[in-house]
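Okay, protein07.pdb is below, PDB, C-alpha atoms:
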ATOM      1  CA  MET Q 726     112.580  81.453 209.390
ATOM      2  CA  LYS Q 727     113.142  78.231 211.335
ATOM      3  CA  HIS Q 728     116.001  78.255 213.843
ATOM      4  CA  ASP Q 729     118.139  80.710 211.859
ATOM      5  CA  ALA Q 730     118.453  83.397 214.501
ATOM      6  CA  GLY Q 731     121.456  82.165 216.490
ATOM      7  CA  SER Q 732     125.086  82.637 215.560
ATOM      8  CA  PRO Q 733     125.721  84.320 212.196
ATOM      9  CA  LEU Q 734     128.043  81.393 211.414
ATOM     10  CA  LEU Q 735     126.986  78.244 209.570
ATOM     11  CA  PHE Q 736     128.539  74.832 210.028
ATOM     12  CA  GLY Q 737     129.584  73.282 206.726
ATOM     13  CA  CYS Q 738     129.138  69.514 206.846
ATOM     14  CA  MET Q 739     131.336  68.560 203.881
ATOM     15  CA  GLY Q 740     134.000  67.080 206.195
ATOM     16  CA  LEU Q 741     131.635  64.630 207.908
ATOM     17  CA  GLY Q 742     131.172  60.997 206.988
ATOM     18  CA  GLY Q 743     134.689  59.692 206.387
ATOM     19  CA  GLY Q 744     136.480  59.575 203.049
ATOM     20  CA  TRP Q 745     135.409  60.588 199.559
ATOM     21  CA  ASP Q 746     134.492  57.038 198.637
ATOM     22  CA  ARG Q 747     131.483  54.777 198.730
ATOM     23  CA  GLY Q 748     132.659  52.732 201.679
ATOM     24  CA  PRO Q 749     130.483  52.258 204.752
ATOM     25  CA  ILE Q 750     130.151  54.801 207.538
ATOM     26  CA  GLU Q 751     132.256  53.657 210.478
ATOM     27  CA  GLY Q 752     131.598  54.126 214.169
ATOM     28  CA  ALA Q 753     134.485  56.601 214.332
ATOM     29  CA  ASP Q 754     132.777  58.705 211.642
ATOM     30  CA  VAL Q 755     129.591  58.872 213.726
ATOM     31  CA  ALA Q 756     131.566  59.797 216.856
ATOM     32  CA  ALA Q 757     133.419  62.531 214.975
ATOM     33  CA  ALA Q 758     130.119  63.895 213.659
ATOM     34  CA  HIS Q 759     128.661  63.994 217.170
ATOM     35  CA  ALA Q 760     131.735  65.862 218.438
ATOM     36  CA  ALA Q 761     131.590  68.409 215.604
ATOM     37  CA  VAL Q 762     127.863  69.003 216.078
ATOM     38  CA  ASP Q 763     128.356  69.443 219.830
ATOM     39  CA  ALA Q 764     131.128  71.990 219.237
ATOM     40  CA  ALA Q 765     128.996  73.880 216.716
ATOM     41  CA  LEU Q 766     126.011  73.995 219.062
ATOM     42  CA  GLU Q 767     128.256  75.165 221.906
ATOM     43  CA  ALA Q 768     129.415  77.990 219.620
ATOM     44  CA  GLY Q 769     125.774  78.977 219.073
ATOM     45  CA  ILE Q 770     125.564  77.631 215.519
ATOM     46  CA  THR Q 771     122.161  76.299 214.509
ATOM     47  CA  VAL Q 772     122.402  76.315 210.682
ATOM     48  CA  PHE Q 773     123.993  73.205 209.166
ATOM     49  CA  ASP Q 774     124.947  73.307 205.500
ATOM     50  CA  HIS Q 775     124.984  70.113 203.416
ATOM     51  CA  ALA Q 776     125.100  69.055 199.780
ATOM     52  CA  ASP Q 777     123.925  65.788 198.324
ATOM     53  CA  ILE Q 778     127.374  65.088 196.851
ATOM     54  CA  TYR Q 779     129.436  65.592 200.024
ATOM     55  CA  ARG Q 780     131.355  62.366 200.641
ATOM     56  CA  HIS Q 781     129.084  60.731 198.046
ATOM     57  CA  GLY Q 782     126.080  61.278 200.330
ATOM     58  CA  LYS Q 783     127.803  60.054 203.473
ATOM     59  CA  ALA Q 784     127.937  63.533 205.033
ATOM     60  CA  GLU Q 785     124.139  63.705 205.034
ATOM     61  CA  ALA Q 786     123.844  60.086 206.084
ATOM     62  CA  VAL Q 787     126.149  60.412 209.105
ATOM     63  CA  PHE Q 788     124.339  63.599 210.109
ATOM     64  CA  GLY Q 789     121.127  61.602 209.914
ATOM     65  CA  ARG Q 790     122.688  59.105 212.319
ATOM     66  CA  VAL Q 791     123.432  61.945 214.729
ATOM     67  CA  LEU Q 792     119.843  63.178 214.509
ATOM     68  CA  ALA Q 793     118.507  59.647 215.046
ATOM     69  CA  ASP Q 794     120.676  59.258 218.140
ATOM     70  CA  ARG Q 795     119.360  62.529 219.568
ATOM     71  CA  PRO Q 796     115.564  62.757 219.274
ATOM     72  CA  GLY Q 797     114.342  66.333 219.151
ATOM     73  CA  LEU Q 798     117.617  67.799 217.884
ATOM     74  CA  ALA Q 799     116.391  68.205 214.307
ATOM     75  CA  GLY Q 800     113.668  70.542 215.516
ATOM     76  CA  GLN Q 801     116.311  72.850 216.989
ATOM     77  CA  LEU Q 802     118.300  73.175 213.766
ATOM     78  CA  HIS Q 803     118.009  74.822 210.373
ATOM     79  CA  LEU Q 804     118.965  72.235 207.744
ATOM     80  CA  GLN Q 805     120.241  73.440 204.397
ATOM     81  CA  THR Q 806     121.364  71.298 201.489
ATOM     82  CA  LYS Q 807     122.362  71.722 197.856
ATOM     83  CA  CYS Q 808     121.822  69.742 194.666
ATOM     84  CA  GLY Q 809     122.647  70.107 190.988
ATOM     85  CA  ILE Q 810     126.134  68.597 190.666
ATOM     86  CA  VAL Q 811     126.685  65.126 189.207
ATOM     87  CA  LEU Q 812     130.029  63.726 190.292
ATOM     88  CA  GLY Q 813     132.227  62.218 187.616
ATOM     89  CA  THR Q 814     132.994  58.514 187.355
ATOM     90  CA  ALA Q 815     135.496  56.411 185.490
ATOM     91  CA  ASP Q 816     132.992  56.231 182.625
ATOM     92  CA  ALA Q 817     131.578  59.755 182.573
ATOM     93  CA  PRO Q 818     132.797  63.259 183.428
ATOM     94  CA  GLY Q 819     131.215  65.351 186.141
ATOM     95  CA  ARG Q 820     128.515  67.752 185.054
ATOM     96  CA  TYR Q 821     125.591  69.850 186.288
ATOM     97  CA  ASP Q 822     121.936  68.820 186.304
ATOM     98  CA  SER Q 823     119.150  71.038 187.671
ATOM     99  CA  SER Q 824     116.364  69.373 185.722
ATOM    100  CA  ALA Q 825     113.012  68.894 187.440
ATOM    101  CA  ARG Q 826     113.431  65.147 187.583
ATOM    102  CA  THR Q 827     116.881  65.342 189.145
ATOM    103  CA  ILE Q 828     116.069  68.027 191.716
ATOM    104  CA  ALA Q 829     112.976  66.122 192.872
ATOM    105  CA  ALA Q 830     114.908  62.863 193.165
ATOM    106  CA  ARG Q 831     117.873  64.455 194.936
ATOM    107  CA  VAL Q 832     115.619  66.131 197.486
ATOM    108  CA  GLN Q 833     113.983  62.808 198.311
ATOM    109  CA  ASP Q 834     117.409  61.205 198.669
ATOM    110  CA  SER Q 835     118.570  63.974 201.019
ATOM    111  CA  LEU Q 836     115.419  63.702 203.131
ATOM    112  CA  ALA Q 837     115.953  59.963 203.463
ATOM    113  CA  ARG Q 838     119.630  60.259 204.403
ATOM    114  CA  LEU Q 839     118.958  63.006 206.936
ATOM    115  CA  GLY Q 840     115.916  61.209 208.312
ATOM    116  CA  VAL Q 841     113.719  64.317 208.208
ATOM    117  CA  GLU Q 842     110.509  65.306 206.438
ATOM    118  CA  ARG Q 843     111.525  68.808 205.440
ATOM    119  CA  ILE Q 844     114.597  70.681 204.225
ATOM    120  CA  ASP Q 845     114.574  74.243 205.491
ATOM    121  CA  THR Q 846     116.650  75.690 202.626
ATOM    122  CA  LEU Q 847     117.504  74.121 199.259
ATOM    123  CA  LEU Q 848     120.190  75.620 197.025
ATOM    124  CA  ILE Q 849     121.067  74.964 193.390
ATOM    125  CA  HIS Q 850     124.743  74.097 193.786
ATOM    126  CA  ARG Q 851     126.017  75.465 190.463
ATOM    127  CA  PRO Q 852     124.289  76.831 187.361
ATOM    128  CA  ASP Q 853     123.189  74.226 184.821
ATOM    129  CA  PRO Q 854     123.298  75.837 181.359
ATOM    130  CA  LEU Q 855     120.880  73.276 179.895
ATOM    131  CA  THR Q 856     118.010  73.687 182.365
ATOM    132  CA  PRO Q 857     115.669  76.617 181.678
ATOM    133  CA  PRO Q 858     114.882  78.778 184.719
ATOM    134  CA  GLU Q 859     111.177  78.088 184.157
ATOM    135  CA  GLU Q 860     111.774  74.377 184.805
ATOM    136  CA  ILE Q 861     113.643  75.110 188.041
ATOM    137  CA  ALA Q 862     110.882  77.493 189.114
ATOM    138  CA  ALA Q 863     108.186  74.884 188.528
ATOM    139  CA  THR Q 864     110.145  72.333 190.540
ATOM    140  CA  PHE Q 865     110.677  74.789 193.392
ATOM    141  CA  ALA Q 866     106.953  75.566 193.442
ATOM    142  CA  ALA Q 867     106.043  71.874 193.596
ATOM    143  CA  LEU Q 868     108.494  71.187 196.442
ATOM    144  CA  HIS Q 869     107.253  74.200 198.381
ATOM    145  CA  ALA Q 870     103.609  73.213 197.876
ATOM    146  CA  ALA Q 871     104.388  69.692 199.091
ATOM    147  CA  GLY Q 872     105.977  71.099 202.238
ATOM    148  CA  THR Q 873     109.272  69.303 201.677
ATOM    149  CA  VAL Q 874     111.324  72.501 201.241
ATOM    150  CA  GLY Q 875     110.859  75.744 203.132
ATOM    151  CA  ARG Q 876     112.819  78.231 201.049
ATOM    152  CA  PHE Q 877     115.160  78.279 198.072
ATOM    153  CA  GLY Q 878     118.435  79.796 197.017
ATOM    154  CA  VAL Q 879     121.491  79.321 194.869
ATOM    155  CA  SER Q 880     125.205  78.810 195.168
ATOM    156  CA  ASN Q 881     127.938  80.143 192.870
ATOM    157  CA  HIS Q 882     125.483  82.275 190.882
ATOM    158  CA  SER Q 883     125.913  85.824 189.616
ATOM    159  CA  GLY Q 884     123.479  88.627 190.232
ATOM    160  CA  ALA Q 885     122.357  88.456 186.590
ATOM    161  CA  GLN Q 886     121.696  84.716 186.854
ATOM    162  CA  MET Q 887     119.734  85.274 190.039
ATOM    163  CA  ALA Q 888     117.679  88.034 188.423
ATOM    164  CA  ARG Q 889     116.786  85.746 185.511
ATOM    165  CA  LEU Q 890     115.731  82.913 187.824
ATOM    166  CA  GLN Q 891     113.868  85.248 190.169
ATOM    167  CA  SER Q 892     111.864  86.624 187.244
ATOM    168  CA  VAL Q 893     109.980  83.309 186.988
ATOM    169  CA  LEU Q 894     109.848  82.335 190.670
ATOM    170  CA  ASP Q 895     106.829  82.685 192.948
ATOM    171  CA  GLU Q 896     108.993  82.846 196.084
ATOM    172  CA  PRO Q 897     112.028  85.110 196.624
ATOM    173  CA  LEU Q 898     115.478  83.566 196.470
ATOM    174  CA  ALA Q 899     116.746  83.587 200.049
ATOM    175  CA  VAL Q 900     120.444  82.708 199.746
ATOM    176  CA  ASN Q 901     123.471  82.900 197.492
ATOM    177  CA  GLN Q 902     126.505  80.951 198.699
ATOM    178  CA  LEU Q 903     129.793  82.117 197.181
ATOM    179  CA  GLN Q 904     133.512  81.678 197.737
ATOM    180  CA  MET Q 905     134.395  84.716 199.826
ATOM    181  CA  SER Q 906     137.334  85.188 202.167
ATOM    182  CA  LEU Q 907     140.419  87.219 202.930
ATOM    183  CA  GLY Q 908     142.288  85.056 200.424
ATOM    184  CA  HIS Q 909     139.600  84.996 197.705
ATOM    185  CA  ARG Q 910     138.727  88.651 197.381
ATOM    186  CA  GLY Q 911     137.016  88.904 193.993
ATOM    187  CA  TRP Q 912     133.746  89.731 195.755
ATOM    188  CA  LEU Q 913     135.467  92.742 197.334
ATOM    189  CA  GLU Q 914     137.896  93.848 194.677
ATOM    190  CA  SER Q 915     135.293  93.886 191.918
ATOM    191  CA  ALA Q 916     133.897  96.909 193.744
ATOM    192  CA  VAL Q 917     137.149  98.851 193.342
ATOM    193  CA  ALA Q 918     138.008  97.517 189.879
ATOM    194  CA  VAL Q 919     135.612  99.965 188.235
ATOM    195  CA  ASN Q 920     137.657 102.263 185.991
ATOM    196  CA  VAL Q 921     140.881 100.549 187.117
ATOM    197  CA  ALA Q 922     143.328  99.006 184.667
ATOM    198  CA  GLU Q 923     146.305  97.711 186.609
ATOM    199  CA  PRO Q 924     147.598  94.340 187.827
ATOM    200  CA  GLY Q 925     146.863  93.050 191.303
ATOM    201  CA  ILE Q 926     143.075  93.415 191.291
ATOM    202  CA  ASP Q 927     141.495  90.059 192.108
ATOM    203  CA  ALA Q 928     138.168  90.582 190.366
ATOM    204  CA  SER Q 929     138.234  88.505 187.190
ATOM    205  CA  SER Q 930     136.423  85.508 188.680
ATOM    206  CA  PHE Q 931     133.662  87.443 190.421
ATOM    207  CA  PRO Q 932     130.767  89.065 188.512
ATOM    208  CA  HIS Q 933     130.511  92.694 189.543
ATOM    209  CA  GLY Q 934     127.107  93.657 190.878
ATOM    210  CA  THR Q 935     126.343  90.356 192.595
ATOM    211  CA  LEU Q 936     126.743  91.747 196.114
ATOM    212  CA  GLU Q 937     124.672  94.743 195.152
ATOM    213  CA  TYR Q 938     121.912  92.535 193.740
ATOM    214  CA  CYS Q 939     121.812  90.464 196.924
ATOM    215  CA  ALA Q 940     121.668  93.569 199.112
ATOM    216  CA  ALA Q 941     118.909  95.152 197.026
ATOM    217  CA  HIS Q 942     116.792  91.980 197.103
ATOM    218  CA  ASP Q 943     117.438  90.891 200.698
ATOM    219  CA  VAL Q 944     119.339  87.757 199.654
ATOM    220  CA  GLN Q 945     121.496  86.309 202.411
ATOM    221  CA  LEU Q 946     125.156  85.997 201.411
ATOM    222  CA  GLN Q 947     126.919  82.892 202.673
ATOM    223  CA  ALA Q 948     130.683  82.473 202.299
ATOM    224  CA  TRP Q 949     132.169  79.065 201.601
ATOM    225  CA  GLY Q 950     135.929  78.628 201.965
ATOM    226  CA  SER Q 951     135.795  81.425 204.522
ATOM    227  CA  MET Q 952     138.917  80.381 206.444
ATOM    228  CA  ASP Q 953     141.061  79.479 203.418
ATOM    229  CA  ARG Q 954     142.086  76.167 205.015
ATOM    230  CA  GLY Q 955     143.934  77.961 207.801
ATOM    231  CA  ARG Q 956     145.962  80.111 205.412
ATOM    232  CA  TYR Q 957     146.064  83.091 207.785
ATOM    233  CA  THR Q 958     145.538  81.504 211.189
ATOM    234  CA  SER Q 959     149.074  80.229 211.720
ATOM    235  CA  VAL Q 960     152.403  81.983 211.309
ATOM    236  CA  GLY Q 961     155.913  80.840 210.653
ATOM    237  CA  ASP Q 962     155.574  78.887 207.402
ATOM    238  CA  PRO Q 963     158.650  79.981 205.440
ATOM    239  CA  ALA Q 964     157.251  78.446 202.251
ATOM    240  CA  ALA Q 965     154.164  80.676 202.289
ATOM    241  CA  PRO Q 966     154.076  83.718 200.002
ATOM    242  CA  ALA Q 967     155.279  86.926 201.599
ATOM    243  CA  ALA Q 968     151.795  88.464 201.535
ATOM    244  CA  ASP Q 969     150.343  85.440 203.321
ATOM    245  CA  ARG Q 970     153.023  85.622 205.998
ATOM    246  CA  GLU Q 971     152.462  89.334 206.510
ATOM    247  CA  ALA Q 972     148.704  88.912 206.714
ATOM    248  CA  ALA Q 973     149.020  85.970 209.131
ATOM    249  CA  ALA Q 974     151.287  88.006 211.362
ATOM    250  CA  LEU Q 975     148.791  90.863 211.384
ATOM    251  CA  VAL Q 976     145.949  88.446 212.158
ATOM    252  CA  ALA Q 977     147.932  87.099 215.120
ATOM    253  CA  ARG Q 978     148.689  90.609 216.386
ATOM    254  CA  LEU Q 979     145.068  91.705 216.163
ATOM    255  CA  ALA Q 980     143.921  88.512 217.890
ATOM    256  CA  GLY Q 981     146.187  89.406 220.798
ATOM    257  CA  GLU Q 982     144.995  92.993 220.921
ATOM    258  CA  LEU Q 983     141.331  92.009 220.820
ATOM    259  CA  HIS Q 984     141.795  89.034 223.191
ATOM    260  CA  THR Q 985     140.379  86.575 220.701
ATOM    261  CA  THR Q 986     141.528  83.902 218.241
ATOM    262  CA  PRO Q 987     143.038  84.190 214.759
ATOM    263  CA  GLU Q 988     140.000  82.321 213.403
ATOM    264  CA  ALA Q 989     137.672  84.969 214.827
ATOM    265  CA  ILE Q 990     139.787  87.737 213.263
ATOM    266  CA  VAL Q 991     139.682  86.159 209.793
ATOM    267  CA  LEU Q 992     135.940  85.544 209.964
ATOM    268  CA  GLY Q 993     135.251  88.858 211.680
ATOM    269  CA  TRP Q 994     137.026  90.664 208.845
ATOM    270  CA  LEU Q 995     134.636  89.052 206.378
ATOM    271  CA  MET Q 996     131.608  89.845 208.526
ATOM    272  CA  ARG Q 997     132.662  93.470 209.055
ATOM    273  CA  HIS Q 998     131.625  94.222 205.472
ATOM    274  CA  PRO Q 999     128.121  95.766 205.387
ATOM    275  CA  ALA Q1000     126.816  93.109 202.973
ATOM    276  CA  GLY Q1001     125.935  90.931 205.974
ATOM    277  CA  ILE Q1002     128.106  87.980 204.959
ATOM    278  CA  ARG Q1003     127.577  84.770 206.944
ATOM    279  CA  PRO Q1004     130.656  82.511 206.892
ATOM    280  CA  VAL Q1005     130.359  78.753 206.474
ATOM    281  CA  ILE Q1006     133.028  77.078 208.591
ATOM    282  CA  GLY Q1007     134.131  73.719 207.253
ATOM    283  CA  THR Q1008     136.464  72.405 209.917
ATOM    284  CA  THR Q1009     135.385  69.334 211.890
ATOM    285  CA  ASN Q1010     137.982  69.944 214.605
ATOM    286  CA  PRO Q1011     136.042  70.858 217.781
ATOM    287  CA  ALA Q1012     138.824  73.173 219.006
ATOM    288  CA  ARG Q1013     138.840  75.121 215.735
ATOM    289  CA  ILE Q1014     135.046  75.299 215.713
ATOM    290  CA  ALA Q1015     135.173  76.785 219.212
ATOM    291  CA  ALA Q1016     137.838  79.234 218.049
ATOM    292  CA  CYS Q1017     135.364  80.687 215.525
ATOM    293  CA  ALA Q1018     132.642  81.470 218.052
ATOM    294  CA  ASP Q1019     133.771  85.051 218.755
ATOM    295  CA  ALA Q1020     133.692  86.146 215.103
ATOM    296  CA  GLY Q1021     130.488  88.171 215.324
ATOM    297  CA  ALA Q1022     131.718  90.123 218.319
ATOM    298  CA  VAL Q1023     135.054  90.733 216.591
ATOM    299  CA  ALA Q1024     133.281  92.066 213.507
ATOM    300  CA  ALA Q1025     131.394  94.561 215.650
ATOM    301  CA  ARG Q1026     134.626  95.762 217.267
ATOM    302  CA  MET Q1027     136.968  95.760 214.283
ATOM    303  CA  ASP Q1028     138.354  99.195 213.502
ATOM    304  CA  PRO Q1029     138.205 100.282 209.833
ATOM    305  CA  ASP Q1030     141.955 100.941 209.890
ATOM    306  CA  ASP Q1031     142.589  97.333 210.930
ATOM    307  CA  TRP Q1032     140.105  96.051 208.353
ATOM    308  CA  TYR Q1033     141.887  97.897 205.560
ATOM    309  CA  ALA Q1034     145.287  96.851 206.902
ATOM    310  CA  LEU Q1035     144.275  93.188 206.631
ATOM    311  CA  TRP Q1036     143.008  93.674 203.094
ATOM    312  CA  ILE Q1037     146.197  95.429 201.978
ATOM    313  CA  ALA Q1038     148.424  92.866 203.715
ATOM    314  CA  ALA Q1039     146.637  89.979 202.011
ATOM    315  CA  ARG Q1040     146.924  91.758 198.643
ATOM    316  CA  GLY Q1041     150.646  92.252 199.095
ATOM    317  CA  GLN Q1042     150.424  95.693 197.487
ATOM    318  CA  PRO Q1043     148.620  98.992 198.009
ATOM    319  CA  LEU Q1044     145.104  99.649 196.838
ATOM    320  CA  PRO Q1045     144.747 101.457 193.502
TER
END
Please render this file's structure as structure tokens.
Amino acid sequence: MKHDAGSPLLFGCMGLGGGWDRGPIEGADVAAAHAAVDAALEAGITVFDHADIYRHGKAEAVFGRVLADRPGLAGQLHLQTKCGIVLGTADAPGRYDSSARTIAARVQDSLARLGVERIDTLLIHRPDPLTPPEEIAATFAALHAAGTVGRFGVSNHSGAQMARLQSVLDEPLAVNQLQMSLGHRGWLESAVAVNVAEPGIDASSFPHGTLEYCAAHDVQLQAWGSMDRGRYTSVGDPAAPAADREAAALVARLAGELHTTPEAIVLGWLMRHPAGIRPVIGTTNPARIAACADAGAVAARMDPDDWYALWIAARGQPLP
């Protein structure tokens, strides 16, 4: 697997490229992208996660500018992108499209914006109910045969959806990227919701068995939204819910005890789970990127009592 053996963290590129509009990329956007990439590399991160829709394509395009400014850098990185979402306009609502024609066109667009000849990992961004898995499989096979994509995966898919798609694929699905964090715990609480009928279990939005499917089939789990927009990495917000304040205080205390950062505690908690979760960090702030670097070491050192204490604090009530 190309350049995917460094930090367990991934850098999420959604924040690069300026605003969510179709305006031009400014010099400040390029400078900010360089600074974020430098901070990620300094933290040991070599996997960079894109999607064709991020900033209407400008996230990929500004990253392509960074790669063009630094010959040889692309060969040191693992580039991942996603396709399958059609953004809404004033005339048409947003929708999903994983048809063969659209995937092939979107991949070519991403290659052109990034200025590379190959995407290391391509993910279907969200399930498209109208595209048969056989059509996706045929498209994947053609892209792999052409050498334009190295491996394939999905995002926001259940274990059952993955099993159906895998049944017609020649290559194994390598990745499933899901919303997983201390604040969005459906992935975790679905495992304890079996035979439980009481309020407070955050499992309704997560299909039970998905983690188990990924573990059984060696599918890498990637967590988007892993830091919950700083929800637990700062204390003192009186407007925050009581559970958030309690969890943030515990995060701060553990960061002090382990001589690390709150960001590393939050991410380390996620990584402590035996599913092998790899967080995608979305901040473009170099200081916050640096603050995440210790997460893997924190995960290895985190005591089970502290791990459970964080879970219970974030829940705001005991486990069933």
Using the chain letters and numbers from the file, which residues does the PyMOL selection byres ((chain Q and resi 777) around 9) grab, as JSON, numbers by chain? {"Q": [775, 776, 778, 779, 780, 781, 782, 783, 784, 785, 806, 807, 808, 809, 810, 831, 832, 834, 835]}
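Between Q:Leu898 and the candidates Q:Leu848, Q:Ala1025, Q:Leu839, Q:Leu975, the tightest atom-to-atom separation, counting all atoms listed in the file, involves Q:Leu848.
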Local residues around (144.5, 78.5, 206.3), at most 12 Å away, using all atoms listed in the file, as JSON, numbers by chain:
{"Q": [906, 907, 908, 909, 950, 951, 952, 953, 954, 955, 956, 957, 958, 959, 960, 962, 965, 969, 970, 972, 973, 976, 987, 988, 991, 992, 1006, 1007, 1008, 1013]}
For the structure provided, state which residues fall under the PyMOL selection byres ((chain Q and resi 852-868) around 10), and present them as a PyMOL selection string. chain Q and resi 809-810+820-829+832+843-844+847+849-851+869-883+886-887+889-896
Checklist entry - Which is closer to Q:Gly797 than all the others in Q:Ala760, Q:Val841, Q:Val811, Q:Leu1035, using only C-alpha atoms? => result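 Closest to Q:Gly797 of all the choices is Q:Val841.
Interatomic distance, atom CA of Q:Gly742 to atom CA of Q:Ala757: 8.4 Å.
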Among Q:Pro999, Q:Gly813, Q:Gly993, Q:Gly752, Q:Val791 is approached most closely, using only C-alpha atoms, by Q:Gly752
*Selection as a PyMOL selection string: residues within 12 Å of (134.1, 85.3, 188.5), counting only C-alpha atoms*: chain Q and resi 881-884+903-905+909-915+927-935
Exercise on stretch 880-885 of chain Q, axis-aligned box with 8 Å per side, report centre and edge lengths in Å to one decimal, as AutoDock Vina command-line options:
--center_x 125.1 --center_y 83.7 --center_z 190.9 --size_x 21.6 --size_y 25.8 --size_z 24.6
All heavy atoms modelled onto stretch 1001-1007 of chain Q, as an mmCIF file, keeping the file's coordinate frame:
data_model
loop_
_atom_site.group_PDB
_atom_site.id
_atom_site.type_symbol
_atom_site.label_atom_id
_atom_site.label_comp_id
_atom_site.auth_asym_id
_atom_site.auth_seq_id
_atom_site.Cartn_x
_atom_site.Cartn_y
_atom_site.Cartn_z
ATOM 1 N N GLY Q 1001 126.557 91.918 205.100
ATOM 2 C CA GLY Q 1001 125.935 90.931 205.974
ATOM 3 C C GLY Q 1001 126.337 89.509 205.663
ATOM 4 O O GLY Q 1001 125.516 88.581 205.718
ATOM 5 N N ILE Q 1002 127.604 89.291 205.358
ATOM 6 C CA ILE Q 1002 128.106 87.980 204.959
ATOM 7 C C ILE Q 1002 128.090 87.019 206.141
ATOM 8 O O ILE Q 1002 128.545 87.355 207.240
ATOM 9 C CB ILE Q 1002 129.533 88.109 204.404
ATOM 10 C CG1 ILE Q 1002 129.532 89.018 203.178
ATOM 11 C CG2 ILE Q 1002 130.124 86.738 204.066
ATOM 12 C CD1 ILE Q 1002 130.902 89.528 202.791
ATOM 13 N N ARG Q 1003 127.602 85.810 205.911
ATOM 14 C CA ARG Q 1003 127.577 84.770 206.944
ATOM 15 C C ARG Q 1003 128.556 83.670 206.543
ATOM 16 O O ARG Q 1003 128.311 82.931 205.588
ATOM 17 C CB ARG Q 1003 126.169 84.211 207.116
ATOM 18 C CG ARG Q 1003 125.157 85.256 207.570
ATOM 19 C CD ARG Q 1003 123.807 84.650 207.877
ATOM 20 N NE ARG Q 1003 123.867 83.737 209.019
ATOM 21 C CZ ARG Q 1003 122.792 83.157 209.553
ATOM 22 N NH1 ARG Q 1003 121.597 83.375 209.031
ATOM 23 N NH2 ARG Q 1003 122.919 82.341 210.574
ATOM 24 N N PRO Q 1004 129.666 83.522 207.260
ATOM 25 C CA PRO Q 1004 130.656 82.511 206.892
ATOM 26 C C PRO Q 1004 130.175 81.089 207.169
ATOM 27 O O PRO Q 1004 129.508 80.819 208.182
ATOM 28 C CB PRO Q 1004 131.856 82.852 207.790
ATOM 29 C CG PRO Q 1004 131.635 84.253 208.248
ATOM 30 C CD PRO Q 1004 130.151 84.407 208.325
ATOM 31 N N VAL Q 1005 130.541 80.190 206.272
ATOM 32 C CA VAL Q 1005 130.359 78.753 206.474
ATOM 33 C C VAL Q 1005 131.705 78.205 206.921
ATOM 34 O O VAL Q 1005 132.692 78.318 206.190
ATOM 35 C CB VAL Q 1005 129.908 78.053 205.177
ATOM 36 C CG1 VAL Q 1005 129.704 76.557 205.426
ATOM 37 C CG2 VAL Q 1005 128.640 78.699 204.629
ATOM 38 N N ILE Q 1006 131.763 77.637 208.109
ATOM 39 C CA ILE Q 1006 133.028 77.078 208.591
ATOM 40 C C ILE Q 1006 133.031 75.579 208.330
ATOM 41 O O ILE Q 1006 132.101 74.864 208.669
ATOM 42 C CB ILE Q 1006 133.286 77.417 210.068
ATOM 43 C CG1 ILE Q 1006 132.186 76.868 210.965
ATOM 44 C CG2 ILE Q 1006 133.393 78.928 210.247
ATOM 45 C CD1 ILE Q 1006 132.497 77.003 212.447
ATOM 46 N N GLY Q 1007 134.102 75.105 207.710
ATOM 47 C CA GLY Q 1007 134.131 73.719 207.253
ATOM 48 C C GLY Q 1007 134.955 72.782 208.094
ATOM 49 O O GLY Q 1007 134.978 71.577 207.828
#
